[in-house]
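Source file: final-v1.csv; contents: CSV, C-alpha atoms.
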chain,number,residue,atom,x,y,z
A,51,MET,CA,-65.7,19.6,32.7
A,52,LYS,CA,-63.3,18.8,29.9
A,53,LYS,CA,-62.0,22.3,29.9
A,54,VAL,CA,-61.2,22.1,33.6
A,55,ILE,CA,-59.3,18.8,33.2
A,56,ILE,CA,-57.3,20.2,30.2
A,57,ALA,CA,-56.5,23.4,32.1
A,58,PHE,CA,-55.4,21.4,35.2
A,59,MET,CA,-53.1,19.2,33.0
A,60,LEU,CA,-51.6,22.3,31.3
A,61,ALA,CA,-51.0,23.9,34.7
A,62,ALA,CA,-49.3,20.7,35.9
A,63,CYS,CA,-47.0,20.7,32.9
A,64,MET,CA,-46.1,24.3,33.5
A,65,ALA,CA,-45.3,23.6,37.2
A,66,PHE,CA,-43.0,20.7,36.2
A,67,SER,CA,-41.1,22.9,33.9
A,68,VAL,CA,-40.6,25.5,36.7
A,69,PHE,CA,-39.0,22.9,39.0
A,70,ALA,CA,-36.9,21.2,36.3
A,71,GLN,CA,-33.2,21.1,37.0
A,72,GLU,CA,-31.1,23.2,34.7
A,73,GLU,CA,-28.2,21.5,32.9
A,74,SER,CA,-24.9,22.8,34.3
A,75,LYS,CA,-22.5,24.3,31.8
A,76,SER,CA,-19.7,22.1,33.0
A,77,GLU,CA,-21.5,18.8,31.9
A,78,LYS,CA,-20.5,17.5,28.5
A,79,LYS,CA,-23.1,16.0,26.3
A,80,ILE,CA,-22.5,12.5,25.0
A,81,TRP,CA,-22.3,13.7,21.4
A,82,ASP,CA,-19.6,16.2,22.3
A,83,HIS,CA,-16.5,14.5,20.8
A,84,GLY,CA,-14.0,16.2,23.0
A,85,ASP,CA,-12.8,13.1,24.9
A,86,ASN,CA,-15.4,10.7,23.5
A,87,VAL,CA,-13.4,9.7,20.4
A,88,SER,CA,-12.6,6.1,19.7
A,89,GLU,CA,-9.0,4.9,19.1
A,90,LEU,CA,-10.3,2.6,16.4
A,91,SER,CA,-10.4,3.6,12.7
A,92,TYR,CA,-10.9,1.5,9.7
A,93,GLN,CA,-10.5,1.3,5.9
A,94,SER,CA,-12.6,-1.0,3.7
A,95,VAL,CA,-11.7,-2.0,0.2
A,96,PRO,CA,-13.1,-4.5,-2.4
A,97,VAL,CA,-11.2,-7.8,-2.7
A,98,PHE,CA,-10.5,-9.3,-6.1
A,99,LYS,CA,-8.8,-12.6,-5.3
A,100,ILE,CA,-7.5,-14.5,-2.3
A,101,LEU,CA,-4.8,-17.0,-3.0
A,102,ASP,CA,-4.2,-19.8,-0.5
A,103,GLN,CA,-0.6,-20.8,0.2
A,104,ALA,CA,1.0,-23.1,2.7
A,105,ASP,CA,1.7,-20.4,5.3
A,106,ALA,CA,-0.1,-17.3,4.1
A,107,TYR,CA,-3.1,-15.8,2.3
A,108,ILE,CA,-2.2,-13.6,-0.6
A,109,ILE,CA,-4.9,-10.9,-1.0
A,110,TYR,CA,-5.4,-8.8,-4.1
A,111,TYR,CA,-7.5,-5.7,-3.3
A,112,GLU,CA,-8.5,-2.5,-5.0
A,113,LYS,CA,-6.5,0.6,-4.3
A,114,GLN,CA,-7.6,4.1,-5.0
A,115,GLY,CA,-7.9,4.8,-8.7
A,116,LEU,CA,-7.2,1.9,-11.0
A,117,ASP,CA,-4.4,0.2,-9.1
A,118,ILE,CA,-4.5,-3.3,-7.5
A,119,GLY,CA,-2.7,-3.9,-4.2
A,120,GLN,CA,-1.3,-7.1,-2.9
A,121,ILE,CA,-0.6,-8.2,0.7
A,122,ALA,CA,0.4,-11.5,2.2
A,123,VAL,CA,-1.2,-12.2,5.6
A,124,PRO,CA,0.2,-15.1,7.7
A,125,LYS,CA,-2.2,-17.9,8.4
A,126,ALA,CA,-0.9,-17.9,12.0
A,127,TRP,CA,-2.9,-14.7,12.5
A,128,PHE,CA,-6.1,-16.7,12.1
A,129,LYS,CA,-5.1,-19.5,14.5
A,130,ASN,CA,-4.1,-17.4,17.5
A,131,GLY,CA,-7.3,-17.8,19.5
A,132,LEU,CA,-9.2,-14.8,20.8
A,133,ASP,CA,-6.6,-12.2,20.1
A,134,ARG,CA,-6.1,-13.1,16.4
A,135,LYS,CA,-5.4,-10.4,13.9
A,136,LEU,CA,-7.2,-12.1,10.9
A,137,ASP,CA,-10.8,-13.0,10.9
A,138,PHE,CA,-13.3,-14.1,8.3
A,139,ARG,CA,-17.0,-13.1,8.0
A,140,THR,CA,-19.6,-14.6,5.7
A,141,LYS,CA,-20.6,-12.1,3.1
A,142,PRO,CA,-24.3,-11.5,2.5
A,143,ALA,CA,-25.9,-12.7,-0.7
A,144,GLY,CA,-25.6,-10.3,-3.6
A,145,MET,CA,-22.7,-8.4,-2.1
A,146,GLY,CA,-19.1,-8.4,-3.2
A,147,SER,CA,-16.2,-9.5,-1.2
A,148,TYR,CA,-14.3,-6.9,0.8
A,149,MET,CA,-11.5,-6.4,3.3
A,150,THR,CA,-11.8,-4.2,6.4
A,151,VAL,CA,-8.6,-3.1,8.1
A,152,LEU,CA,-8.9,-1.9,11.6
A,153,TYR,CA,-6.4,0.4,13.2
A,154,LYS,CA,-6.0,1.1,16.9
A,155,GLY,CA,-4.0,4.2,17.7
A,156,GLY,CA,-2.6,4.3,14.2
A,157,ASP,CA,-1.3,0.7,14.3
A,158,LEU,CA,-2.7,-2.3,12.6
A,159,TYR,CA,-5.2,-4.0,14.9
A,160,LYS,CA,-7.2,-6.6,12.9
A,161,ILE,CA,-8.0,-7.6,9.3
A,162,LEU,CA,-11.6,-8.7,8.6
A,163,LEU,CA,-12.2,-10.5,5.3
A,164,THR,CA,-15.9,-10.6,4.3
A,165,VAL,CA,-16.0,-13.4,1.7
A,166,ASN,CA,-18.0,-16.5,0.8
A,167,PRO,CA,-16.6,-19.4,3.0
A,168,SER,CA,-17.0,-21.9,0.2
A,169,ARG,CA,-13.7,-22.4,-1.6
A,170,LEU,CA,-15.7,-22.9,-4.8
A,171,ASP,CA,-16.4,-19.2,-4.9
A,172,PRO,CA,-14.4,-17.4,-7.7
A,173,VAL,CA,-12.7,-15.1,-5.2
A,174,TRP,CA,-10.7,-18.1,-3.8
A,175,GLY,CA,-7.7,-19.6,-5.5
A,176,VAL,CA,-4.5,-21.5,-4.9
A,177,ALA,CA,-1.1,-19.8,-5.2
A,178,PRO,CA,1.2,-21.5,-7.8
A,179,ASN,CA,4.0,-23.7,-6.5
A,180,GLY,CA,7.1,-21.7,-5.6
A,181,THR,CA,5.3,-18.4,-4.9
A,182,LYS,CA,7.4,-16.5,-2.4
A,183,THR,CA,5.9,-14.3,0.3
A,184,GLU,CA,7.9,-11.8,2.4
A,185,VAL,CA,5.9,-12.6,5.5
A,186,SER,CA,6.6,-15.0,8.4
A,187,ALA,CA,4.5,-16.3,11.2
A,188,ASP,CA,6.2,-14.0,13.7
A,189,THR,CA,5.2,-10.8,11.7
A,190,GLN,CA,3.2,-8.4,13.9
A,191,THR,CA,2.2,-5.8,11.3
A,192,ILE,CA,1.8,-5.4,7.6
A,193,ASP,CA,2.2,-2.2,5.6
A,194,ILE,CA,-1.1,-1.8,3.6
A,195,LYS,CA,-1.2,0.9,1.0
A,196,PHE,CA,-4.6,2.1,-0.1
Step by step, read the file and then write its structure as structure tokens.
Amino acid sequence: MKKVIIAFMLAACMAFSVFAQEESKSEKKIWDHGDNVSELSYQSVPVFKILDQADAYIIYYEKQGLDIGQIAVPKAWFKNGLDRKLDFRTKPAGMGSYMTVLYKGGDLYKILLTVNPSRLDPVWGVAPNGTKTEVSADTQTIDIKF
């Protein structure tokens, strides 16, 4: 009896495969990256220090090799509501601080800083009085060199 049931199930599976619809050659698979490529790209780098200033954050980050890069990001980018260009994320325990720069179509889209939100963390600091930055609240983009 078991052999008959197994033979019947095997025959049913074979019948399903005969009537299965073939995939047309014109259909593209979802993993085919012909037109399924995102406009977004990103670059992540470790952050050494973030200095707080009256109108900007001065960020010291690691460049390729042994260089240290510096950018000034306006604080207004964080205060612009839903379409803000600067956002902070809380870093997981045991992980270093880092900055992720998102590009959309080759242009700067958003900067994500993954840091400890406590200002007592060593990554945070205060810029000395008289520190000049070359950025204003109206700035729409920053040239970041990695």
Q: Kindly give the distance, in Å, that separates atom CA of A:Leu136 and atom CA of A:Lys113, rounded to a single decimal.
A: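 Going from atom CA of A:Leu136 over to atom CA of A:Lys113, I get 19.8 Å.
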Q.
Under the rule that all atoms listed in the file are counted, which of A:Gly131, A:Gly115, A:Pro142, A:Pro124 is the nearest residue to A:Thr164?
A. A:Pro142
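Among A:Tyr111, A:Asp137, A:Val123, A:Tyr159, the residue with the shortest atom-to-atom distance to A:Tyr92, counting only C-alpha atoms, is A:Tyr159.
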Q: Calculate how many Å separate atom CA of A:Leu116 from atom CA of A:Ile100, rounding to one decimal.
A: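 Separating atom CA of A:Leu116 from atom CA of A:Ile100 is a distance of 18.6 Å.
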Q: Between atom CA of A:Gly155 and atom CA of A:Glu184, measure the distance and give it in Å to one decimal.
A: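 Straight-line distance from atom CA of A:Gly155 to atom CA of A:Glu184 works out to 25.1 Å.
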Taking all atoms listed in the file into account, produce a table as CSV in which each residue of stretch 95-160 of chain A with an atom at most 10 Å from an atom of stretch 172-177 of chain A appears once, together with its shortest atom pair and the distance in Å to one decimal, ordered by chain and rising number.
residue,atom,partner,partner_atom,distance
A:Val97,CA,A:Val173,CA,7.9
A:Phe98,CA,A:Val173,CA,6.3
A:Lys99,CA,A:Val173,CA,4.6
A:Ile100,CA,A:Trp174,CA,5.0
A:Leu101,CA,A:Gly175,CA,4.6
A:Asp102,CA,A:Val176,CA,4.7
A:Gln103,CA,A:Ala177,CA,5.5
A:Ala104,CA,A:Ala177,CA,8.8
A:Ala106,CA,A:Ala177,CA,9.7
A:Tyr107,CA,A:Ala177,CA,8.7
A:Ile108,CA,A:Ala177,CA,7.8
A:Ile109,CA,A:Trp174,CA,9.7
A:Tyr110,CA,A:Val173,CA,9.7
A:Gly146,CA,A:Val173,CA,9.5
A:Ser147,CA,A:Val173,CA,7.7
Would you list the residues near (-14.6, -12.9, 2.4) (no more than 7 Å away, in the coordinates of the file, using all atoms listed in the file) as a PDB file with C-alpha atoms, keeping the file's coordinate frame?
ATOM      1  CA  PHE A 138     -13.300 -14.100   8.300  1.00  0.00           C
ATOM      2  CA  ARG A 139     -17.000 -13.100   8.000  1.00  0.00           C
ATOM      3  CA  THR A 140     -19.600 -14.600   5.700  1.00  0.00           C
ATOM      4  CA  LYS A 141     -20.600 -12.100   3.100  1.00  0.00           C
ATOM      5  CA  SER A 147     -16.200  -9.500  -1.200  1.00  0.00           C
ATOM      6  CA  TYR A 148     -14.300  -6.900   0.800  1.00  0.00           C
ATOM      7  CA  LEU A 163     -12.200 -10.500   5.300  1.00  0.00           C
ATOM      8  CA  THR A 164     -15.900 -10.600   4.300  1.00  0.00           C
ATOM      9  CA  VAL A 165     -16.000 -13.400   1.700  1.00  0.00           C
ATOM     10  CA  ASN A 166     -18.000 -16.500   0.800  1.00  0.00           C
ATOM     11  CA  PRO A 167     -16.600 -19.400   3.000  1.00  0.00           C
TER      12      PRO A 167
END
Q) Which one is closest to A:Val87: A:Asp133, A:Phe128, A:Lys154, A:Ala143? Count all atoms listed in the file. A)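 Closest residue, counting all atoms listed in the file: A:Lys154.
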(Q) Show me the residues around (-5.1, 4.7, -1.8) - criterion: an atom at most 9 Å away, only C-alpha atoms counted - as a PyMOL selection string. (A) chain A and resi 112-115+117+195-196
